[in-house]
Structure formats: C-alpha cells, structure tokens
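Asker: This is the structure I have questions about; it appears just below.
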Amino acid sequence: MLTFNADSLRLTVRQYILANHLFTDDPSALNDDESFQESRIVDSMGMIQIIQFLESSYDIKIHDHEMVPEELDSVNRIVRLVARKQRAA
Amino acid sequence: MCGIAGVFAFDKNPARVTPERLGAMAAVLAHRGPDGDGFFVDPQHHVGLAHRRLSIIDLCGGGQPIANEDGSIQVIFNGEIFNYVELRDDLRARGHVFRTATDTEVLVHLYEDAGTDFVHALNGQFAIALWDARRRRLLLARDRPGILPLYYRQTECEVSFGSEIKAILAGCQPGDRPAMHADSLRDVLTTWAPISPSTMFEGVFEVEPGQLVLIDERGLTRRRYWTWQLAHPDEARTGRADDLADELLHLLDDATRLRLRADVPVGAYLSGGLDSSVLTALASRRAGAGLRTFSIGFDDPALDEGPYQRVMADAIGGTHSTICCTRADVAAGLADAVTATETPITRAAPVPMSRLAGHVRSAGIKVVLTGEGADEVLGGYDLFKETKIRAFCLRDRSSPSRARLLKRLYPYLDFTRLQPAALLERYFGALDTSLDDPAFSHRPRWNTGGFADTFLSRAFRDRCSPESPAERVLARLGSSLEGLDVFGRAQVLEARLLMAGYLLSSQGDRMLMRHSVEGRFPYLDHRVIEFGNRLEPRLKMRVLDEKFLLKRAARSLVPAAILRRPKQPYRAPDAVAFFGASRPAAIDAVLDPANLHASGCFDPDRVARLSQKIARAVETRQPVSHRESAAWMGIVSTLVWQRQFQQG
C-alpha cells in the first residue's frame, strides 16, 4: 500500500494512466487537466480499472456516488479525490 | 455458389486474356468451385472470362460460361437465381430456347429481352459477369443486399475482376500488386469493414450491393439499380399486427421454399436464436425429418447456446449435429480466416463460422439456410435498443432512473454488470451527442473502434487522409439517412455498413466458401427486405421488445422457450483466446518487434504494452476491455494480412 504524499500521488497516477491507458511512458502524452473520456483516453471499463488501482494502492474505498466523471475524469480530479479520502482517514 | 474472374482489355492486347492468366485467376478460387472450371476468350481479345463451379443445380449439364442461342451473350455467374423456374417458363413462352436446366441460363435470355434491366426480375443472390459481344460491353452485377462478393481493378489498359481479390492479385504482373489502402485499415479498425466501394487494396474496389458496372471501350460506368431504403416515418405501413405478421410469415415461407431449390441436399444453420429457429421450422415443414441442421458450440458457457439449439432441434426432429469451438481452435484458425476474409478483423467471430462450415462440408452437405439479415430487416440488434435508451436519456438528462436502463442492455457482458450507471451513461455518450447527429446510433461503437488509432505508428498516420472513418461513412451514406428518425438511421447504417461490409462477407460468404459451402439467406429475399423497410418502427421494436413482428409470426412455429429467451448475440472468444498455452507460433512471429517495425503500421512499444496488459488481465482472471480486445485483434490480424497479401 502506498502512503499519501501529494507529489508522489500525482506521479503514481500519471505513470499508471500513461502505461495502462496510453500505452506509453512519454510524459508529454498526458495533461493533468485533460478529461479522460472527452479525449477517449479511458472508457468506462478503463475507469473501473482506475478505481480498482486506486483502492488497492491507497487502501481506500470509492463509493458508488463517487464513481462519476466529476471525481475521476482527470489526473487532477483523481488526486483531489484520493487526497480528500486520505485526509479523512 | 462459385467463383468468377476475368479481364476486359481496353487495348485488345491478346496478352491480357491468355488461358494462362485466366487459369491462374481461376485456380485461386478453387475453394469456391471445386467441381470444375470453364473459360471463354472473345475472338477479338476484348474479354476473357473464367469460372469455377460448385454444382448445385443441373449437376451434369451446368458448366459455365453459358451462352444465348447464337453465342453473342456469354455469362459467368456466382450465386443462385431462386425464381429461375418461373423466369424460364416465361422466357420459353416467349420463344427462347434453353440448352441446360440451370438457373444460370435465364440470365442470358432475360438480358436479350430486357438489357440491363434484367436484374430487376431476379430473386436471388448473385455476382454476374455478362459479355455482350454485339455491344462489345462487359456487365458486372451484384445482388441487392451484398450477399455475394465481386471486386474489380481498373488500370489504363484493362479492368480485371474476381469474386475474391486474390483472383485479381493472381492476374497481376510481378511488381504491379496493389499496396495496402491506408484509409481502409483505419476504417476497418473503427467501423469493422472497409467503406464501400473501397477495399484494403489500393485501386481495388467492390461492385456495390445493388449496383451494375458497365465496361466498354469508352471506359467504366456505375449504375445503382436498388438501394436499401426505409420508408419515411409518415409513409410507413401500419395495420393490425396479426395481419402483418401473417404477411411476413407468408413471405418468409415463400423465400424459404425458393431457397430449398437444389439438386443436392440443403441443410440449415441453427444458432438457438429466433431467426434460425423460424427458418428451420419453415424448412422442415417441406423437407420433413430429412432436414440436417448444424450448430456451433463453445466450451465457454457464457458463449454457448447449446440448450436452445437442442430445444429447436428436438422440436423439428431432423438430424442435428454440433461442433465445439475452443479458445485454442480460435487461435489456430485466425490466419486461415484472414486469408479468406482478405481484410483484418477486429473480432474472432468469423473463425468458428469457418469451423462450422468445414463440419457441414464433411457431412456431405453443400448448401445451408442461415438466418443473417433478420436483425437488420426486422429490428433485432441490441444497438437499436441502445439507441432508443440513449435517446430517451437525452430527453431528461437529470434522471438517474433513465440512466439505469443502460445497465439492462448487455447483461451478458462483464463490463456492464460491473459499472455504475453514471459511467455507462458517459460511455454510451448519452450526454455527449445530439439526436441530430446522423450517426448518433453508431458513435459509441466507432469511439470504441477508434481506440485502435492509439497504436498506429506516426509514419502510418502520415499516410492516412485527414478525415476520420466516421466522416468518410457519413460522406458516403449521409444522404441515405435524411428524413429518417434515429431508429431508422441506425437500421440503414447497420444494413449498409456492417451487414454488407462485414457480416455477409467476413462472417458469411468467406467462411462458407472457404469450405465450398453455399449459404442461402431467406431474410434477405428482396421482398422480405422491402416489406420490413416499409414497416412502422414500432412493429419492429415495440418499446424495447426486439423483432416484435417476427416473434408474433413465429408463435405457432417455434417453442415458447425460444420465443421468450433473451437475445444473445453470437460471440466468440476474442483476444483472450490468444493468451496462454494456445497461441500459435505464427501469431508470436507477427508480434515480434522486428516484424512490427517492418510492418510500418503500428508502434511496437505501444503494441507490446497492450499485449502485456491483456496478458496480466488473463492471468489474474480480470475482464479484458472490449476496446482493447478489438484493438489487439485488429493489430494482429493486420499483421497476418500483411504477411499473406503484401509480403512474398
């Protein structure tokens, strides 16, 4: 399990998205504000994979009402969600 | 069915229509016609024709080419003219003399009387090449829905043609073989098929469904004689459902009756679904206990429809057999399937169909009835339901209950069981598209397919045109969608794009003919199509009850268990079949980084990462995303295609 550190979190999420959904290690391929679904980087199956990755990596639970684009649809949104949950834990 | 090929030489150069060249073009079509061959060369060297025969009607006397009374009209033909008996009677009454008992011969006599309008009289499935010596004109014709294939290639000096592109390739000079058509690869990966009339080969085109191609010394012209066209909503047929159901049943029964005409036994495919169950019920009424039925089974219970196949087989009491297809069979059969399809494929579904056709042939059967076309004609696809639900969601974007309907759409697919409605809502684009979009119905599928662009190399992208596959589709078909509602547009796109380009081709004719088996399609009798196309939409899909009218017509024909069963589309194991012990060495070879580099189409690093991701999912028994599976299948089948058609 990864412990919370904002920079580390952002790096980990970026590396995960790049490797598993953009299939590259080129950091310029991903913008932190970019909508995954508008850019078609991630489809809804991919979103489930991201959720599973976050839950297993940070020992958090993402609830049904949080499985929405507003919480998960970009690197920045994911970082805010995980950070919020880590602070509440 | 058979195979046809030939050449029209604008320059009348004898070297273009030699027996050797025609023989080479015919030889590669032997699988389509193992029962013999025939050739014709015009004395003035304008044209050469080649034919490979699969003997179905007039087994002893039906060799082609066949000529009219004075030999001025010669025809080679792949297919069947199911109303040939009636046409022949009428032609004889008008003084024509027949030398054979074939259906083929009606073509030359009809043409004598009606010229190019002869096609309107045909009820059949066909690819025709007809030489008119008086007009010095070659006519190519293809059936209305696109059941049988016909391709051509025009250069400055000639037009070569063939039932399959491999015949055209066999007639090419060394160094003159057509290259890959880059845009068509993107089109296949996104929309499942090349966008007609283009093919995967530069400069090679298909005769479109419902089209004539006329070739003479002035050049080549195309003329459409029939179009898949829905009635405008204001002009659609309404009426009592029971009356229309009776009419539909009568049409299907007659379509089946005509398609049982053969001098060899006719069998039937039985999927366990409604469409093939109706056909086998109608056929068994006429053939009795002698009807042979055939099914494909899977060792994966999520894909297998065996229980329903047995229900229907028991109900009709004929002789039934099933062949099982495993993941290993799919992996082993991909390369052979791509040789047959002549195009990459994004799903493995054709492979088990090839296995089934092989089983039919080994049972001594040359002809099968099969249920393709019912979903397009009578409103059966889940895509049509999806379109209705998405449109419903758009009318009240804030309603969570509407969005939950999306989860009911595909209960047999892992991803919809796992996912909250909000994510599905975005996936299906319920909030992202407008009902005014002519391609509203197909955008989610094209978005899924378009994911494969991620893996194209930069160099390959530079070879492609700037417009997207979706833009190309709408440029070709957009005018056909005008005036239709969202459901109607979905039907036309599905019939003209997917049915003709993929279902009848890669999953149909190519897999059947690979094993010298002729498929016959009662739902694609043009009278059935035109009946369905005039129906009011609610008679096809009543709310979310698909094929409402067909179910009503079938009440007395098929067991209640078949009528009531939820729709389960035919699927085969896709990319997952290639991970594990069952991957053939040939697949590993095409995925080798050196081969990927040499291919020039894909980014080797990205492809390797995709393979690794799918491998991890298979090892940990996680579901593989549909778009990733489709992309991987598209990539691998493209690499196989390149080995078979571009190298050596």
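Residue numbers start at 1 in each chain; chains themselves are named A, B, ... in the order of the structure tokens; ligands are numbered from 1 in the order shown.
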Leaving out Leu249 of chain B and any residue of its chain fewer than 5 positions from it, which residues lie within 9 Å of it when counting only C-alpha atoms, given as JSON, numbers by chain?

Answerer: {"B": [244, 254, 550, 553, 554]}

Asker: Identify, on the basis of only C-alpha atoms, every residue whose closest approach to Pro584 of chain B does not exceed 10 Å; exclude the query and any residue fewer than 2 positions from it along the same chain; express the result as a PyMOL selection string.

Answerer: chain B and resi 328+331-335+578-579+581-582+586-589

Asker: Where in segment 3-51 of chain A does DSSP assign alpha helix (DSSP H), given as a CSV table (one decimal) with N, CA and C atoms, in the first residue's frame?

Answerer:
chain,number,residue,atom,x,y,z
A,6,ALA,N,1.4,14.1,-1.8
A,6,ALA,CA,0.8,14.7,-2.9
A,6,ALA,C,1.5,14.5,-4.2
A,7,ASP,N,2.8,14.9,-4.2
A,7,ASP,CA,3.6,14.8,-5.4
A,7,ASP,C,3.8,13.3,-5.9
A,8,SER,N,4.0,12.5,-4.9
A,8,SER,CA,4.1,11.0,-5.2
A,8,SER,C,2.8,10.5,-5.8
A,9,LEU,N,1.7,10.9,-5.2
A,9,LEU,CA,0.4,10.5,-5.7
A,9,LEU,C,0.2,10.9,-7.1
A,10,ARG,N,0.5,12.2,-7.4
A,10,ARG,CA,0.3,12.6,-8.8
A,10,ARG,C,1.2,11.8,-9.8
A,11,LEU,N,2.4,11.6,-9.4
A,11,LEU,CA,3.4,10.9,-10.2
A,11,LEU,C,2.9,9.4,-10.4
A,12,THR,N,2.4,8.8,-9.4
A,12,THR,CA,2.0,7.4,-9.5
A,12,THR,C,0.7,7.3,-10.4
A,13,VAL,N,-0.2,8.2,-10.2
A,13,VAL,CA,-1.4,8.2,-11.1
A,13,VAL,C,-1.0,8.5,-12.5
A,14,ARG,N,-0.2,9.4,-12.7
A,14,ARG,CA,0.3,9.7,-14.1
A,14,ARG,C,0.9,8.5,-14.8
A,15,GLN,N,1.8,7.9,-14.0
A,15,GLN,CA,2.5,6.7,-14.6
A,15,GLN,C,1.6,5.6,-14.9
A,16,TYR,N,0.6,5.4,-14.0
A,16,TYR,CA,-0.4,4.3,-14.2
A,16,TYR,C,-1.2,4.6,-15.4
A,17,ILE,N,-1.7,5.8,-15.6
A,17,ILE,CA,-2.5,6.2,-16.8
A,17,ILE,C,-1.7,6.1,-18.0
A,18,LEU,N,-0.5,6.6,-18.0
A,18,LEU,CA,0.4,6.5,-19.2
A,18,LEU,C,0.6,5.1,-19.6
A,19,ALA,N,1.0,4.3,-18.7
A,19,ALA,CA,1.4,2.9,-19.0
A,19,ALA,C,0.2,2.0,-19.4
A,20,ASN,N,-1.0,2.2,-18.7
A,20,ASN,CA,-2.1,1.3,-18.8
A,20,ASN,C,-3.2,1.7,-19.7
A,21,HIS,N,-3.2,3.0,-20.0
A,21,HIS,CA,-4.3,3.5,-20.9
A,21,HIS,C,-3.8,4.3,-22.1
A,44,SER,N,-15.4,3.5,-20.0
A,44,SER,CA,-16.0,3.2,-18.7
A,44,SER,C,-15.3,1.9,-18.1
A,45,MET,N,-14.9,1.0,-18.9
A,45,MET,CA,-14.2,-0.2,-18.4
A,45,MET,C,-12.9,0.3,-17.8
A,46,GLY,N,-12.2,1.2,-18.5
A,46,GLY,CA,-10.9,1.7,-18.0
A,46,GLY,C,-11.1,2.5,-16.7
A,47,MET,N,-12.2,3.1,-16.6
A,47,MET,CA,-12.5,3.9,-15.3
A,47,MET,C,-12.6,2.9,-14.2
A,48,ILE,N,-13.2,1.7,-14.4
A,48,ILE,CA,-13.3,0.7,-13.3
A,48,ILE,C,-11.9,0.2,-13.0
A,49,GLN,N,-11.0,0.1,-14.0
A,49,GLN,CA,-9.6,-0.3,-13.7
A,49,GLN,C,-8.9,0.7,-12.9
A,50,ILE,N,-9.1,2.0,-13.2
A,50,ILE,CA,-8.5,3.0,-12.4
A,50,ILE,C,-9.0,3.0,-10.9
A,51,ILE,N,-10.3,2.8,-10.8
A,51,ILE,CA,-10.9,2.7,-9.4
A,51,ILE,C,-10.2,1.5,-8.7

Asker: Which residue, B:Ser284, B:Thr227, B:Thr620, B:Ser160, has the smallest gap to Leu138 of chain B when you use only C-alpha atoms?

Answerer: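 For Leu138 of chain B, the nearest of the candidates is B:Ser160.
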
Asker: Could you list, with a cut-off of 12 Å and counting only C-alpha atoms, the residues of chain A near chain B, each shown with its nearest atom pair and the distance in Å rounded to one decimal, rows sorted by chain and ascending number, as a Markdown table?

Answerer:
| residue | atom | partner | partner_atom | distance |
| --- | --- | --- | --- | --- |
| A:Tyr16 | CA | B:Lys613 | CA | 11.7 |
| A:Leu18 | CA | B:Arg609 | CA | 10.5 |
| A:Ala19 | CA | B:Arg609 | CA | 7.3 |
| A:Asn20 | CA | B:Lys613 | CA | 7.0 |
| A:His21 | CA | B:Leu610 | CA | 8.8 |
| A:Leu22 | CA | B:Thr454 | CA | 7.3 |
| A:Phe23 | CA | B:Arg606 | CA | 5.0 |
| A:Thr24 | CA | B:Arg606 | CA | 6.1 |
| A:Asp25 | CA | B:Arg606 | CA | 9.4 |
| A:Asp26 | CA | B:Arg606 | CA | 10.9 |
| A:Ala29 | CA | B:Thr454 | CA | 11.2 |
| A:Ser35 | CA | B:Arg426 | CA | 11.9 |
| A:Phe36 | CA | B:Arg426 | CA | 11.0 |
| A:Gln37 | CA | B:Arg426 | CA | 7.7 |
| A:Glu38 | CA | B:Asp432 | CA | 8.8 |
| A:Ser39 | CA | B:Phe451 | CA | 10.4 |
| A:Arg40 | CA | B:Phe451 | CA | 7.5 |
| A:Ile41 | CA | B:Phe451 | CA | 8.2 |
| A:Val42 | CA | B:Phe451 | CA | 9.4 |
| A:Asp43 | CA | B:Tyr427 | CA | 6.3 |
| A:Ser44 | CA | B:Leu423 | CA | 5.5 |
| A:Met45 | CA | B:Ser625 | CA | 6.0 |
| A:Gly46 | CA | B:Ser625 | CA | 7.3 |
| A:Met47 | CA | B:Leu423 | CA | 7.9 |
| A:Ile48 | CA | B:Gln419 | CA | 7.1 |
| A:Gln49 | CA | B:Ser625 | CA | 9.5 |
| A:Ile51 | CA | B:Gln419 | CA | 10.8 |
| A:Gln52 | CA | B:Gln622 | CA | 11.0 |
| A:Ile62 | CA | B:Pro420 | CA | 11.8 |
| A:His63 | CA | B:Pro420 | CA | 10.2 |
| A:Asp64 | CA | B:Pro420 | CA | 6.8 |
| A:His65 | CA | B:Pro420 | CA | 8.9 |
| A:Glu66 | CA | B:Ala422 | CA | 9.8 |
| A:Met67 | CA | B:Pro420 | CA | 7.1 |
| A:Val68 | CA | B:Ala422 | CA | 5.9 |
| A:Pro69 | CA | B:Leu423 | CA | 7.4 |
| A:Glu70 | CA | B:Ala422 | CA | 10.5 |
| A:Glu71 | CA | B:Leu423 | CA | 11.4 |
| A:Leu72 | CA | B:Leu423 | CA | 10.2 |
| A:Asp73 | CA | B:Leu423 | CA | 10.3 |

Asker: Taking the backbone alone, and naming residues the way the document does, which bits of segment 9-116 of chain B are strand (DSSP E or B) by DSSP, as an NGL selection string?

Answerer: :B and (9 or 34 or 37-41 or 47-53 or 66-67 or 73-81)

Asker: Set the distance at 10 Å and use only C-alpha atoms: which residues neighbour Glu158 of chain B once local chain neighbours fewer than 5 positions away are removed? I'd like the list as an mmCIF file with N, CA and C atoms, in the first residue's frame.

Answerer:
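What landed in out.cif:
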data_model
loop_
_atom_site.group_PDB
_atom_site.id
_atom_site.type_symbol
_atom_site.label_atom_id
_atom_site.label_comp_id
_atom_site.auth_asym_id
_atom_site.auth_seq_id
_atom_site.Cartn_x
_atom_site.Cartn_y
_atom_site.Cartn_z
ATOM 1 N N VAL B 7 -11.062 -10.529 -67.323
ATOM 2 C CA VAL B 7 -10.363 -9.315 -67.722
ATOM 3 C C VAL B 7 -11.085 -8.700 -68.905
ATOM 4 N N PHE B 8 -11.220 -7.397 -68.904
ATOM 5 C CA PHE B 8 -11.641 -6.641 -70.080
ATOM 6 C C PHE B 8 -10.448 -5.800 -70.504
ATOM 7 N N ALA B 9 -10.012 -5.957 -71.730
ATOM 8 C CA ALA B 9 -8.814 -5.265 -72.214
ATOM 9 C C ALA B 9 -9.225 -4.086 -73.086
ATOM 10 N N PHE B 10 -9.005 -2.885 -72.601
ATOM 11 C CA PHE B 10 -9.331 -1.700 -73.403
ATOM 12 C C PHE B 10 -8.503 -1.683 -74.692
ATOM 13 N N ASP B 11 -7.259 -2.187 -74.625
ATOM 14 C CA ASP B 11 -6.359 -2.112 -75.777
ATOM 15 C C ASP B 11 -6.397 -3.365 -76.643
ATOM 16 N N LYS B 12 -7.286 -4.306 -76.302
ATOM 17 C CA LYS B 12 -7.426 -5.562 -77.071
ATOM 18 C C LYS B 12 -6.094 -6.289 -77.236
ATOM 19 N N ASN B 13 -5.253 -6.156 -76.259
ATOM 20 C CA ASN B 13 -3.966 -6.839 -76.282
ATOM 21 C C ASN B 13 -4.182 -8.304 -75.917
ATOM 22 N N ARG B 16 -3.390 -9.949 -72.496
ATOM 23 C CA ARG B 16 -4.157 -9.703 -71.258
ATOM 24 C C ARG B 16 -5.157 -10.815 -70.982
ATOM 25 N N HIS B 46 -11.119 -8.760 -76.572
ATOM 26 C CA HIS B 46 -11.600 -7.731 -75.651
ATOM 27 C C HIS B 46 -11.723 -8.264 -74.233
ATOM 28 N N VAL B 47 -12.162 -9.519 -74.136
ATOM 29 C CA VAL B 47 -12.530 -10.003 -72.807
ATOM 30 C C VAL B 47 -12.173 -11.472 -72.641
ATOM 31 N N ARG B 153 -10.545 -4.075 -60.591
ATOM 32 C CA ARG B 153 -9.403 -3.155 -60.562
ATOM 33 C C ARG B 153 -9.251 -2.579 -61.959
ATOM 34 N N ILE B 215 -18.693 -1.847 -68.628
ATOM 35 C CA ILE B 215 -17.336 -1.596 -69.143
ATOM 36 C C ILE B 215 -17.341 -1.808 -70.650
ATOM 37 N N GLU B 217 -15.271 0.052 -74.480
ATOM 38 C CA GLU B 217 -14.023 0.707 -74.897
ATOM 39 C C GLU B 217 -13.970 2.181 -74.488
ATOM 40 N N GLY B 219 -14.787 3.163 -71.452
ATOM 41 C CA GLY B 219 -14.444 3.207 -70.029
ATOM 42 C C GLY B 219 -15.423 2.440 -69.175
#

Asker: Between atom CA of Thr319 of chain B and atom CA of Asn83 of chain B, measure the distance and give it in Å to one decimal.

Answerer: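 So the answer is 28.0 Å.
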
Asker: What does the distance from atom CA of Trp228 of chain B to atom CA of Ala241 of chain B come to in Å, to one decimal?

Answerer: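 Value for the atom CA of Trp228 of chain B-atom CA of Ala241 of chain B distance: 23.5 Å.
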
Asker: Quick check, in Å to one decimal: how far apart do atom CA of Leu260 of chain B and atom CA of Gly33 of chain B lie?

Answerer: 19.9 Å

Asker: Might you pull out every residue within 9 Å of Asp33 of chain A, with only C-alpha atoms counted and same-chain residues fewer than 6 positions away left off, and present them as a list in words?

Answerer: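 Residues near the query, excluding close chain neighbours: Asp73, Ser74, Val75, Asn76 and Arg77 of chain A.
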